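Asker: Can you read through this structure? Questions will come right after.
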Amino acid sequence: MDPMTFSIVRHRLFRIVDEAVITLKHVSGSAITNEGHDLMVSLYRADGTLLMGGVGFLHHLTSAAEACKAIIRRFGDDIHEGDVFLLNDPYTAALHTSDIYLVAPIHYEGRLVAWSACFVHVTDIGGQNPGGFVPQAQDIFTEGFSSPGIRLVHKGEMRQDVLDTLLNMVRSPEMVSLDLRSMIACNNVARDRMQALFAKYGPETVDAANARLIEDSEALFRARLRELPDGEWQSRQYLDVNGETARVALTMTKQGDRLIFDFSGSDPQSAYSINCTKWASLGGLFAPLFPLLCYDITWNEGVIRPVEMIAPEGSIVNCTRPAPVSVATVGAIQSVNNAACTTIGKMLAASETYREEATAVWHANHFAIFKFGRNQRGGYSIGILTETFAGAGGARSFEDGVEIGGEIPNPISRMANVETVEAAFPVRYLFRRRAPDSGGPGMFRGGTGGEMALVPHKAPDGGIDYVISGKGARHPMSEGLAGGWPGAPNSYVWVKAPDDGSNAPVDGAAGLDSIPGEQERVSWGVYPLRGRDALYVRWNGGGGYGDPIARDPERVRRDVIAGLVSRDSAARIYGVDLDGEDAVDRAATEARRSGIRKARLQAEAAE
């Protein structure tokens with residue numbers, strides 16, 4: 001087709017997605033959406049295949065495609081202009097029940113020509129624990145309502161009976177209603193702009209451009225794969241729940257212009273809600289693939305075609321109903337994401353052409369801490385600590401990772417301001433900052449994660465409660481590359497104030513050990529934050545790249561001065577000695593590094 005027209009249509013599709021995202025954020029009143037950017041907006045062809053993947057959490061691009069196809073199968077010819085459908089069943093397409101998909105058909109002159117789809121993590125889903133992550137769940141039936149597809153809007157009119165039924169099952173109906181209405185507004189904008197595009201260029205021209213866009217993506221991706229070396233690369237991820245360890249194992253095989261992700265060897269599905277379904281695993285492996293291998297290629301069905309996934313049924317990465325899955329997004333799905341990031345990074349590192357695109361694993365262990373209770377105004381609040389979206393950049397083959405630098409699967413993630421959290425909940429931050437020694441050591445260091453501490457403040461009930469879940473704090477998960485070390489694992493500490501009769505508030509602290517009280521490590525369940533107690537959280541840094549003792553000693557010195565690396569780690573891990581003036585002692589450093597090399601050789605010989 002005419003190259004100019006094709007280019008115009010392609011760029012209009014990008015702009016439509018961008019405008020729909022802006023609408024979603026502006027209408028939403030939830031910090032997890034408009035601050036943390038836990039969202040996704042994308043466009044799909046009439047048959048439900050991915051046309052234009054948008055920003056946000058990329059795990060959802062393929063799952064929302066399956067949601068569109070599920071609606072087509074379920075409703076057939078009973079799909080009308082102005083309809084909006086809701087789907088959040090993980091065994092049909094969604095990642096977990098809290099991530100509600102609203103998918104909307106787009107008609108032109110009475111004919112179905114496309115779909116728009118979006119999701120947000122709704123404020124509450126009516127599960128056993130507030131907020132949607134349910135560490136206490138025994139099966140999916142205790143994780144909140146779920147639908148394999150229901151019509152929420154019919155020919156432009158809200159089905160009030162359906163909406164009222166949904167809102168009757170949640171703890172915060174006002175906020176959930178706003179969540180749903182923000183997604184309806186998002187789909188309305190996408191529909192209006194797509195209809196204008198069809199009106200200007202005609203359905204035949206736009207559909208031809210859409211088909212060409214998918215063909216181009218497939219051709220470009222296959223060409224890139226042919227440039228990369230054939231081979232097999234492996235990765236393992238470990239999850240810890242209540243002292244029980246589960247494993248996700250991946251072997252990625254690249255043959256010609258095809259990629260195969262084989263999760264055989266992963267553990268059986270868990271009794272805990274860290275499991276994920278096959279659609280979630282597919283999204284988990286594509287989340288790093290899109291930005292790492294297709295950063296300059298449109299994310300659509302063409303990128304999906306050269307990829308095959310093998311996930312044994314009944315495993316933690318392809319569980320069977322009714323296994324609980326509410327913690328999947330920060331459990332097995334993120335482990336799939338990390339494993340795929342590692343194997344792709346190893347493949348890129350083996351290529352002379354693409355070595356500079358290789359990266360160690362970024363922010364590998366989300367923490368899911370949902371606060372709930374009466375706020376300082378007497379109302380009821382539920383919300384997540386969005387610091388988990390701040391992430392930490394993995395080191396690259398040529399440079400350090402970005403400090404608190406986000407994460408690979410969500411290019412627009414970020415955390416809310418301290419003031420946003422303190423305005424919504426009766427809490428006060430003691431500190432929030434970069435965490436020393438959290439970035440994975442290496443010739444190029446992983447980006448640091450962060451640490452923070454909260455105490456109750458002006459709480460009508462003396463404090464609030466929180467739900468904590470995820471993959472635990474036992475195993476480091478931000479894998480390094482080429483000899484780089486992993487980033488430090490997460491840490492969660494309940495600091496119980498001393499029983500000394502004092503009612504004085506806890507003042508700002510210099511760190512965990514300066515907060516008065518007894519420390520108890522927690523990682524799974526429901527806990528109180530009351531009185532003068534504190535909650536301390538440290539989130540993981542990115543993985544390192546290359547041998548730490550190959551790092552430029554001057555860089556290590558600067559990290560120590562900046563508080564990113566301790567003097568002990570500088571000496572013990574990087575082999576760098578600093579004198580009393582914080583200058584590098586060159587002779588002592590060379591001697592120390594020589595000793596580290598000698599000790600390694602002795603250890604290898606002993607094995």
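Lettering and numbering for the structure tokens are positional, with chains as A, B, ... in the shown order, residues counted from 1 in each chain, and ligands counted from 1 in the shown order.
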How would you write, as a ChimeraX atom specification, the set of residues in stretch 100-148 of chain A that DSSP gives as strand (DSSP E)?
Answerer: /A:100-108,111-121
Asker: Please report, as a tab-separated table, each residue of stretch 31-63 of chain A lying at most 12 Å from stretch 215-227 of chain A, together with the nearest pair of atoms and the separation in Å rounded to one decimal; use only C-alpha atoms, and order rows by chain and ascending residue number.
Answerer:
residue	atom	partner	partner_atom	distance
A:Leu50	CA	A:Ser217	CA	11.5
A:Leu51	CA	A:Ser217	CA	10.3
A:Met52	CA	A:Ser217	CA	10.7
A:Gly53	CA	A:Ser217	CA	11.9
Asker: At a cut-off of 7 Å, using only C-alpha atoms, what residues contact A:Thr448? Leave out same-chain residues fewer than 4 positions from it and give the result as a list in words.
Answerer: Ala392, Glu403, Ile404, Arg434, Ala435, Ser438, Gly439, Gly541 and Gly542 of chain A
Asker: Could you tell me which of A:Arg10, A:Lys471, A:His363, A:His80 comes closest to A:Gly405 if we count only C-alpha atoms?
Answerer: A:His363
Asker: Any idea what's packed within 10 Å of A:Met1, counting only C-alpha atoms, ignoring anything in its chain fewer than 3 positions away? Could you give it as a PyMOL selection string?
Answerer: chain A and resi 4-6+205+208-209+212
Asker: Using only C-alpha atoms, which protein or nucleic acid residues come within 6 Å of stretch 246-250 of chain A? Drop anything in the same chain fewer than 3 positions from it, and give the result as an NGL selection string.
Answerer: :A and (234-239 or 262-263 or 265-267)
